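Trainee: Structure incoming, see below.
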Amino acid sequence: MRIGLPKEIKNHEYRVGLTPASVRELTLHGHEVLVQNGAGEGIGMTDDLYAAAGAKLVALASDVFAQADMIVKVKEPQPQECAMLRPGQILYTYLHLAPDPEQAAALVKSGAVCIAYETITGPGGGLPLLAPMSEVAGRMAVQAGAAHLEKSKGGMGVLLGGVPGVPAAHVVILGAGVVGTHALQMAVGLGARVTVLDKSVDRLRQLDLVFGNRISTVYSTAQSVEDAVLDAELVIGGVLIPGAAAPKLVTRSMISRMKKGAVVVDVAIDQGGCFETSHATTHAEPTFMVDGVVHYCVANMPGAVARTSTFALNNATIGHAVALADKGWKQALRDNPHLKNGLNVANGQVTYEAVALALGYPYVTADSLLG
């Protein structure tokens with residue numbers, strides 16, 4: 001198979017879908033890999049490293065899209081990239097379609113076979129291709145929140161961990177999944193006072209066993225969320241419903257009653273966000289204010305630590321990339337039900353139920369296309 005690696009074009013996105021090591025893995029399996037010039041240079045992965053790994057370098061993204069059987073990316077395709085996709089071509093990347101009707105329409109129109117990292121499942125449950133970026137984003141959420149609590153960034157001028165004689169800031173984490181757990185580790189490490197809310201008592205029990213009295217665990221209800229948010233200096237939203245739009249847990253009314261200069265970090269913004277006042281921002285302009293509350297809603301947070309993120313992502317994605325290239329998409333999906341869960345759009349049909357429901361498309365099962 002001929003695999004294409006275009007340079008990412010989303011604002012301040014330096015991650016890359018394949019490292020030179022991943023390219024070598026694919027070429028050792030007998031596949032040809034086309035890499036756009038400069039695809040990895042933003043994080044020190046030079047064209048020479050790709051060439052040494054066996055890649056063929058091409059000048060333009062249009063060359064990659066025109067020649068490749070499978071496109072491997074990091075972020076969802078931008079409109080000009082969607083326009084270059086063709087029927088039957090495999091697209092293997094993050095998609096986050098539920099809150100993005102324009103992208104969904106473009107992918108349906110393209111006829112391409114679109115496999116989303118974020119809905120591929122794992123044998124032990126969970127979302128193993130989303131997990132590494134969730135780990136990065138959870139840790140970054142605390143860093144970003146701590147920085148934006150500084151007065152110069154619009155915050156109230158509070159040090160997250162406090163100092164002797166001055167209380168630490170209160171960090172509230174909505175969701176105790178991968179994002180929440182990694183945010184929790186960072187916030188506890190910095191000495192903050194931490195409350196984590198979730199609907200799974202079993203998950204809260206696990207965290208309580210690990211962290212003991214260093215954290216407070218609270219069962220999530222509308223009332224408990226409101227009570228926690230109104231007392232917080234920093235609120236991190238890390239709630240996920242796989243493939244579907246994130247629930248709006250924090251209302252505009254709650255935001256208006258929060259402490260002035262408090263910070264909210266919406267890690268769920270890729271799926272529409274869990275704060276009613278959220279809208280996606282970029283690393284160029286990461287924040288905005290609503291009712292005196294700083295909102296940090298960068299849709300590709302791990303892009304800020306792109307080198308770490310690229311290696312972590314490739315560790316999770318390369319196995320499925322090799323399977324798709326070796327077997328073709330139909331056989332690879334027949335052989336692996338977890339990879340089959342990644343199929344979101346194919347042959348002009350929406351094949352992931354939560355996306356179809358969110359965007360009003362008829363739902364077509366993946367099995368019906370595998371024949």
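Within each chain, counting starts at residue 1; across the structure tokens, chains are named A, B, ... in the order shown, with ligands numbered 1 upward in that order.
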Tell me, as JSON, numbers by chain, which residues lie within 10 Å of range 289-296 of chain A, counting only C-alpha atoms; anything in the same chain fewer than 4 positions away does not count.

Mentor: {"A": [141, 144, 145, 148, 149, 153, 154, 155, 156, 233, 234, 235, 236, 252, 253, 255, 256, 257, 258, 259, 260, 261, 262, 263, 264, 265, 266, 267, 269, 275, 277, 278, 279, 280, 281, 282, 283, 285, 301]}

Trainee: Those same residues - C-alpha atoms - I'd like them written as a PDB file, in the first residue's frame.

Mentor:
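What landed in part_20.pdb:
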```pdb
ATOM      1  CA  ALA A 141      -4.715  21.536  31.837  1.00  0.00           C
ATOM      2  CA  ALA A 144      -2.374  26.116  31.708  1.00  0.00           C
ATOM      3  CA  GLY A 145      -4.780  26.778  34.547  1.00  0.00           C
ATOM      4  CA  HIS A 148      -3.745  31.805  33.697  1.00  0.00           C
ATOM      5  CA  LEU A 149      -4.505  32.302  37.378  1.00  0.00           C
ATOM      6  CA  LYS A 153      -2.960  36.492  32.170  1.00  0.00           C
ATOM      7  CA  GLY A 154      -6.322  37.763  33.432  1.00  0.00           C
ATOM      8  CA  GLY A 155      -6.581  35.554  36.512  1.00  0.00           C
ATOM      9  CA  MET A 156      -7.164  36.520  40.117  1.00  0.00           C
ATOM     10  CA  GLU A 233     -10.341  28.978  41.576  1.00  0.00           C
ATOM     11  CA  LEU A 234      -9.690  26.507  38.718  1.00  0.00           C
ATOM     12  CA  VAL A 235     -12.190  24.149  37.063  1.00  0.00           C
ATOM     13  CA  ILE A 236     -11.015  21.481  34.601  1.00  0.00           C
ATOM     14  CA  ARG A 252     -23.829  30.038  31.912  1.00  0.00           C
ATOM     15  CA  SER A 253     -25.560  30.877  35.197  1.00  0.00           C
ATOM     16  CA  ILE A 255     -20.118  30.819  35.274  1.00  0.00           C
ATOM     17  CA  SER A 256     -21.688  34.215  36.058  1.00  0.00           C
ATOM     18  CA  ARG A 257     -21.590  33.379  39.786  1.00  0.00           C
ATOM     19  CA  MET A 258     -18.014  32.055  39.885  1.00  0.00           C
ATOM     20  CA  LYS A 259     -15.213  34.001  41.547  1.00  0.00           C
ATOM     21  CA  LYS A 260     -13.933  36.809  39.333  1.00  0.00           C
ATOM     22  CA  GLY A 261     -10.565  35.896  37.876  1.00  0.00           C
ATOM     23  CA  ALA A 262     -11.198  32.152  38.242  1.00  0.00           C
ATOM     24  CA  VAL A 263     -10.096  29.952  35.338  1.00  0.00           C
ATOM     25  CA  VAL A 264     -11.917  27.173  33.481  1.00  0.00           C
ATOM     26  CA  VAL A 265     -10.006  24.771  31.213  1.00  0.00           C
ATOM     27  CA  ASP A 266     -12.284  22.832  28.844  1.00  0.00           C
ATOM     28  CA  VAL A 267     -10.376  19.731  27.763  1.00  0.00           C
ATOM     29  CA  ILE A 269     -13.722  21.193  23.667  1.00  0.00           C
ATOM     30  CA  PHE A 275     -19.021  24.426  29.771  1.00  0.00           C
ATOM     31  CA  THR A 277     -19.884  29.283  27.610  1.00  0.00           C
ATOM     32  CA  SER A 278     -17.065  27.459  25.788  1.00  0.00           C
ATOM     33  CA  HIS A 279     -15.998  27.893  22.204  1.00  0.00           C
ATOM     34  CA  ALA A 280     -12.849  26.500  20.625  1.00  0.00           C
ATOM     35  CA  THR A 281      -9.693  28.636  20.719  1.00  0.00           C
ATOM     36  CA  THR A 282      -6.156  28.195  19.358  1.00  0.00           C
ATOM     37  CA  HIS A 283      -2.681  28.358  20.850  1.00  0.00           C
ATOM     38  CA  GLU A 285      -5.228  33.167  21.228  1.00  0.00           C
ATOM     39  CA  MET A 301      -3.868  21.298  23.673  1.00  0.00           C
TER      40      MET A 301
END
```

Trainee: For the interface of range 122-194 of chain A with range 303-312 of chain A (cut-off 9 Å, counting only C-alpha atoms), please tabulate each contacting residue of range 122-194 of chain A alongside its nearest pair of atoms and their separation in Å to one decimal, rows sorted by chain and increasing number, as CSV.

Mentor:
```
residue,atom,partner,partner_atom,distance
A:Pro132,CA,A:Ala312,CA,5.8
A:Met133,CA,A:Ser309,CA,6.6
A:Val136,CA,A:Ser309,CA,7.0
A:Met140,CA,A:Val305,CA,8.8
```

Trainee: DSSP on the backbone, strand (DSSP E) only: what residues of range 265-318 of chain A does that give? Format it as a PyMOL selection string.

Mentor: chain A and resi 265-266+287-290+293-296

Trainee: Could you write out that same residue set with N, CA, C and O atoms as an mmCIF file, in the first residue's frame?

Mentor:
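Written file, out-v1.cif:
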```cif
data_model
loop_
_atom_site.group_PDB
_atom_site.id
_atom_site.type_symbol
_atom_site.label_atom_id
_atom_site.label_comp_id
_atom_site.auth_asym_id
_atom_site.auth_seq_id
_atom_site.Cartn_x
_atom_site.Cartn_y
_atom_site.Cartn_z
ATOM 1 N N VAL A 265 -10.740 25.407 32.319
ATOM 2 C CA VAL A 265 -10.006 24.771 31.213
ATOM 3 C C VAL A 265 -10.892 23.657 30.676
ATOM 4 O O VAL A 265 -11.178 22.692 31.389
ATOM 5 N N ASP A 266 -11.340 23.792 29.423
ATOM 6 C CA ASP A 266 -12.284 22.832 28.844
ATOM 7 C C ASP A 266 -11.542 21.855 27.939
ATOM 8 O O ASP A 266 -11.364 22.104 26.745
ATOM 9 N N THR A 287 -7.293 32.093 25.178
ATOM 10 C CA THR A 287 -8.304 32.378 26.195
ATOM 11 C C THR A 287 -9.266 33.474 25.766
ATOM 12 O O THR A 287 -8.989 34.270 24.865
ATOM 13 N N PHE A 288 -10.405 33.488 26.439
ATOM 14 C CA PHE A 288 -11.356 34.607 26.354
ATOM 15 C C PHE A 288 -12.042 34.720 27.712
ATOM 16 O O PHE A 288 -11.961 33.801 28.546
ATOM 17 N N MET A 289 -12.709 35.844 27.945
ATOM 18 C CA MET A 289 -13.354 36.094 29.236
ATOM 19 C C MET A 289 -14.868 36.052 29.075
ATOM 20 O O MET A 289 -15.417 36.566 28.107
ATOM 21 N N VAL A 290 -15.525 35.440 30.037
ATOM 22 C CA VAL A 290 -16.981 35.504 30.151
ATOM 23 C C VAL A 290 -17.307 35.797 31.612
ATOM 24 O O VAL A 290 -16.911 35.028 32.499
ATOM 25 N N VAL A 293 -14.550 35.451 34.126
ATOM 26 C CA VAL A 293 -13.916 34.133 34.265
ATOM 27 C C VAL A 293 -13.085 33.848 33.021
ATOM 28 O O VAL A 293 -13.575 33.979 31.893
ATOM 29 N N VAL A 294 -11.830 33.474 33.217
ATOM 30 C CA VAL A 294 -10.936 33.160 32.105
ATOM 31 C C VAL A 294 -11.282 31.774 31.560
ATOM 32 O O VAL A 294 -11.333 30.797 32.313
ATOM 33 N N HIS A 295 -11.529 31.681 30.259
ATOM 34 C CA HIS A 295 -11.818 30.403 29.595
ATOM 35 C C HIS A 295 -10.630 30.009 28.719
ATOM 36 O O HIS A 295 -10.265 30.747 27.807
ATOM 37 N N TYR A 296 -10.050 28.857 28.999
ATOM 38 C CA TYR A 296 -8.980 28.296 28.177
ATOM 39 C C TYR A 296 -9.577 27.096 27.450
ATOM 40 O O TYR A 296 -9.894 26.074 28.082
#
```

Trainee: So, counting only C-alpha atoms, which residue among A:Gln349, A:Val355, A:Gln89, A:Asp63 is closest to Leu324 in chain A?

Mentor: A:Gln89

Trainee: Give the helix (DSSP H, G or I) residues of range 163-362 of chain A, as assigned by DSSP on the backbone, as a ChimeraX atom specification.

Mentor: /A:178-189,201-214,222-231,252-257,267-271,301-327,329-335,337-340,353-359

Trainee: Do you know which residues are at most 7 Å from Thr119 in chain A counting only C-alpha atoms, after dropping those on the same chain fewer than 4 positions away, and could you put them as a VMD selection string?

Mentor: chain A and resid 127 242 to 243 341 to 342

Trainee: Next, write the just-selected residues to a file, as a PDB file, in the first residue's frame, keeping all heavy atoms as the atom set.

Mentor:
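Output file part.pdb follows:
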```pdb
ATOM      1  N   LEU A 127     -10.276   3.736  25.457  1.00  0.00           N
ATOM      2  CA  LEU A 127     -10.004   4.270  24.117  1.00  0.00           C
ATOM      3  C   LEU A 127      -8.495   4.477  23.999  1.00  0.00           C
ATOM      4  O   LEU A 127      -7.978   5.571  24.245  1.00  0.00           O
ATOM      5  CB  LEU A 127     -10.759   5.594  23.923  1.00  0.00           C
ATOM      6  CG  LEU A 127     -12.279   5.500  24.097  1.00  0.00           C
ATOM      7  CD1 LEU A 127     -12.900   6.881  24.209  1.00  0.00           C
ATOM      8  CD2 LEU A 127     -12.905   4.724  22.939  1.00  0.00           C
ATOM      9  N   PRO A 242     -17.903   8.660  24.477  1.00  0.00           N
ATOM     10  CA  PRO A 242     -17.178   8.309  23.245  1.00  0.00           C
ATOM     11  C   PRO A 242     -17.949   8.632  21.962  1.00  0.00           C
ATOM     12  O   PRO A 242     -19.076   8.191  21.775  1.00  0.00           O
ATOM     13  CB  PRO A 242     -16.966   6.793  23.399  1.00  0.00           C
ATOM     14  CG  PRO A 242     -16.896   6.590  24.871  1.00  0.00           C
ATOM     15  CD  PRO A 242     -17.883   7.560  25.453  1.00  0.00           C
ATOM     16  N   GLY A 243     -17.327   9.451  21.112  1.00  0.00           N
ATOM     17  CA  GLY A 243     -17.887   9.781  19.816  1.00  0.00           C
ATOM     18  C   GLY A 243     -19.000  10.808  19.823  1.00  0.00           C
ATOM     19  O   GLY A 243     -19.367  11.343  18.778  1.00  0.00           O
ATOM     20  N   ASN A 341     -14.592  -0.333  15.425  1.00  0.00           N
ATOM     21  CA  ASN A 341     -15.277   0.749  16.144  1.00  0.00           C
ATOM     22  C   ASN A 341     -14.759   2.126  15.742  1.00  0.00           C
ATOM     23  O   ASN A 341     -15.389   3.143  16.043  1.00  0.00           O
ATOM     24  CB  ASN A 341     -15.126   0.561  17.655  1.00  0.00           C
ATOM     25  CG  ASN A 341     -15.953  -0.593  18.175  1.00  0.00           C
ATOM     26  OD1 ASN A 341     -16.969  -0.949  17.587  1.00  0.00           O
ATOM     27  ND2 ASN A 341     -15.523  -1.192  19.276  1.00  0.00           N
ATOM     28  N   GLY A 342     -13.607   2.166  15.088  1.00  0.00           N
ATOM     29  CA  GLY A 342     -13.054   3.442  14.644  1.00  0.00           C
ATOM     30  C   GLY A 342     -13.670   3.964  13.358  1.00  0.00           C
ATOM     31  O   GLY A 342     -13.490   5.133  13.012  1.00  0.00           O
TER      32      GLY A 342
END
```

Trainee: Near Arg24 in chain A, within 10 Å and counting only C-alpha atoms, which residues show up once chain neighbours fewer than 2 positions away are dropped, as an NGL selection string?

Mentor: :A and (18-22 or 26-33 or 50-55)

Trainee: Hey, can you spit out that residue selection with all heavy atoms as a compact mmCIF listing (two decimals), in the first residue's frame?

Mentor:
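Contents of again17.txt, as written:
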```txt
# COMPACT_ATOMS: atom_id res chain seq x y z
N LEU A 18 3.14 10.32 11.57
CA LEU A 18 4.11 9.22 11.58
C LEU A 18 5.49 9.76 11.92
O LEU A 18 5.94 10.73 11.31
CB LEU A 18 4.17 8.53 10.21
CG LEU A 18 2.91 7.80 9.71
CD1 LEU A 18 3.07 7.41 8.24
CD2 LEU A 18 2.61 6.57 10.56
N THR A 19 6.16 9.15 12.87
CA THR A 19 7.56 9.46 13.14
C THR A 19 8.42 8.69 12.13
O THR A 19 7.95 7.75 11.49
CB THR A 19 7.96 9.01 14.55
OG1 THR A 19 7.79 7.60 14.64
CG2 THR A 19 7.12 9.71 15.62
N PRO A 20 9.70 9.05 11.99
CA PRO A 20 10.58 8.23 11.14
C PRO A 20 10.58 6.76 11.55
O PRO A 20 10.63 5.87 10.69
CB PRO A 20 11.95 8.89 11.34
CG PRO A 20 11.62 10.33 11.61
CD PRO A 20 10.37 10.29 12.44
N ALA A 21 10.50 6.47 12.85
CA ALA A 21 10.47 5.07 13.30
C ALA A 21 9.21 4.37 12.79
O ALA A 21 9.26 3.19 12.39
CB ALA A 21 10.52 5.01 14.82
N SER A 22 8.08 5.09 12.77
CA SER A 22 6.84 4.50 12.26
C SER A 22 6.93 4.28 10.75
O SER A 22 6.44 3.27 10.23
CB SER A 22 5.65 5.41 12.59
OG SER A 22 5.43 5.47 13.98
N LEU A 26 6.54 0.67 8.62
CA LEU A 26 5.68 0.44 7.45
C LEU A 26 6.49 -0.03 6.24
O LEU A 26 6.06 -0.92 5.51
CB LEU A 26 4.90 1.72 7.13
CG LEU A 26 3.77 2.05 8.12
CD1 LEU A 26 3.37 3.52 8.02
CD2 LEU A 26 2.56 1.15 7.89
N THR A 27 7.66 0.57 6.04
CA THR A 27 8.47 0.17 4.88
C THR A 27 9.01 -1.25 5.05
O THR A 27 9.14 -1.99 4.07
CB THR A 27 9.63 1.15 4.63
OG1 THR A 27 10.45 1.24 5.81
CG2 THR A 27 9.12 2.54 4.27
N LEU A 28 9.27 -1.65 6.29
CA LEU A 28 9.72 -3.03 6.54
C LEU A 28 8.63 -4.04 6.19
O LEU A 28 8.92 -5.21 5.93
CB LEU A 28 10.15 -3.20 8.00
CG LEU A 28 11.50 -2.58 8.38
CD1 LEU A 28 11.73 -2.67 9.89
CD2 LEU A 28 12.65 -3.25 7.63
N HIS A 29 7.37 -3.58 6.20
CA HIS A 29 6.26 -4.44 5.81
C HIS A 29 5.99 -4.36 4.30
O HIS A 29 4.97 -4.86 3.83
CB HIS A 29 4.99 -4.07 6.59
CG HIS A 29 4.94 -4.64 7.98
ND1 HIS A 29 4.08 -5.64 8.33
CD2 HIS A 29 5.67 -4.36 9.09
CE1 HIS A 29 4.28 -5.96 9.61
NE2 HIS A 29 5.23 -5.19 10.09
N GLY A 30 6.88 -3.70 3.58
CA GLY A 30 6.77 -3.67 2.13
C GLY A 30 5.93 -2.54 1.56
O GLY A 30 5.61 -2.53 0.37
N HIS A 31 5.58 -1.55 2.40
CA HIS A 31 4.74 -0.45 1.93
C HIS A 31 5.59 0.75 1.55
O HIS A 31 6.71 0.92 2.04
CB HIS A 31 3.72 -0.07 3.01
CG HIS A 31 2.90 -1.24 3.47
ND1 HIS A 31 2.01 -1.88 2.64
CD2 HIS A 31 2.87 -1.91 4.65
CE1 HIS A 31 1.46 -2.89 3.29
NE2 HIS A 31 1.98 -2.94 4.51
N GLU A 32 5.03 1.61 0.70
CA GLU A 32 5.70 2.84 0.29
C GLU A 32 5.11 3.99 1.09
O GLU A 32 3.88 4.08 1.24
CB GLU A 32 5.49 3.08 -1.21
CG GLU A 32 6.24 4.30 -1.75
CD GLU A 32 6.00 4.52 -3.24
OE1 GLU A 32 5.33 3.67 -3.87
OE2 GLU A 32 6.47 5.54 -3.75
N VAL A 33 5.95 4.86 1.64
CA VAL A 33 5.46 5.98 2.44
C VAL A 33 5.89 7.29 1.79
O VAL A 33 7.09 7.54 1.58
CB VAL A 33 5.98 5.92 3.89
CG1 VAL A 33 5.37 7.05 4.72
CG2 VAL A 33 5.66 4.57 4.53
N TYR A 50 13.46 11.20 7.76
CA TYR A 50 12.42 10.44 7.06
C TYR A 50 13.00 9.68 5.86
O TYR A 50 12.66 8.52 5.62
CB TYR A 50 11.28 11.36 6.61
CG TYR A 50 10.32 11.69 7.73
CD1 TYR A 50 10.33 12.94 8.35
CD2 TYR A 50 9.41 10.74 8.18
CE1 TYR A 50 9.46 13.24 9.39
CE2 TYR A 50 8.53 11.03 9.22
CZ TYR A 50 8.56 12.28 9.82
OH TYR A 50 7.70 12.56 10.85
N ALA A 51 13.87 10.35 5.12
CA ALA A 51 14.49 9.68 3.97
C ALA A 51 15.30 8.47 4.42
O ALA A 51 15.26 7.39 3.79
CB ALA A 51 15.37 10.68 3.21
N ALA A 52 16.02 8.62 5.53
CA ALA A 52 16.82 7.52 6.06
C ALA A 52 15.96 6.34 6.51
O ALA A 52 16.40 5.19 6.50
CB ALA A 52 17.68 8.01 7.22
N ALA A 53 14.71 6.66 6.90
CA ALA A 53 13.78 5.60 7.33
C ALA A 53 13.08 4.93 6.15
O ALA A 53 12.30 3.99 6.34
CB ALA A 53 12.75 6.18 8.27
N GLY A 54 13.35 5.44 4.94
CA GLY A 54 12.79 4.80 3.76
C GLY A 54 11.65 5.53 3.09
O GLY A 54 11.03 5.02 2.15
N ALA A 55 11.37 6.76 3.56
CA ALA A 55 10.27 7.53 2.98
C ALA A 55 10.67 8.15 1.65
O ALA A 55 11.85 8.44 1.41
CB ALA A 55 9.82 8.61 3.95
```

Trainee: From the options A:Pro286, A:Pro87, A:Gly360, A:Gly124, which residue's atoms come nearest to Ala147 in chain A, counting only C-alpha atoms?

Mentor: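 With only C-alpha atoms as the atom set, the closest residue is A:Pro286.
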
Trainee: Got a sec: who's within 9 Å of range 68-80 of chain A, counting only C-alpha atoms, leaving out chain neighbours fewer than 2 positions off, as a ChimeraX atom specification?

Mentor: /A:1-10,13,15-18,32-34,63-66,82-85,88-97,102-103,106-107,116-117,300,310,313,321,324-325

Trainee: Figure out the distance between CA of Arg203 in chain A and CA of Ser216 in chain A, please, to one decimal in Å.

Mentor: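 One can read the CA of Ser216 in chain A to CA of Arg203 in chain A distance as 12.9 Å.
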
Trainee: Looking at A:Ala146, A:Ala183, A:Val35, A:Ala332, which one is nearest to Gly319 in chain A, with distances taken over only C-alpha atoms?

Mentor: A:Ala332

Trainee: For CA of Gly165 in chain A and CA of Glu226 in chain A, determine how far apart the two atoms are, in Å to one decimal place.

Mentor: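 Computed distance, CA of Gly165 in chain A to CA of Glu226 in chain A, equals 28.1 Å.
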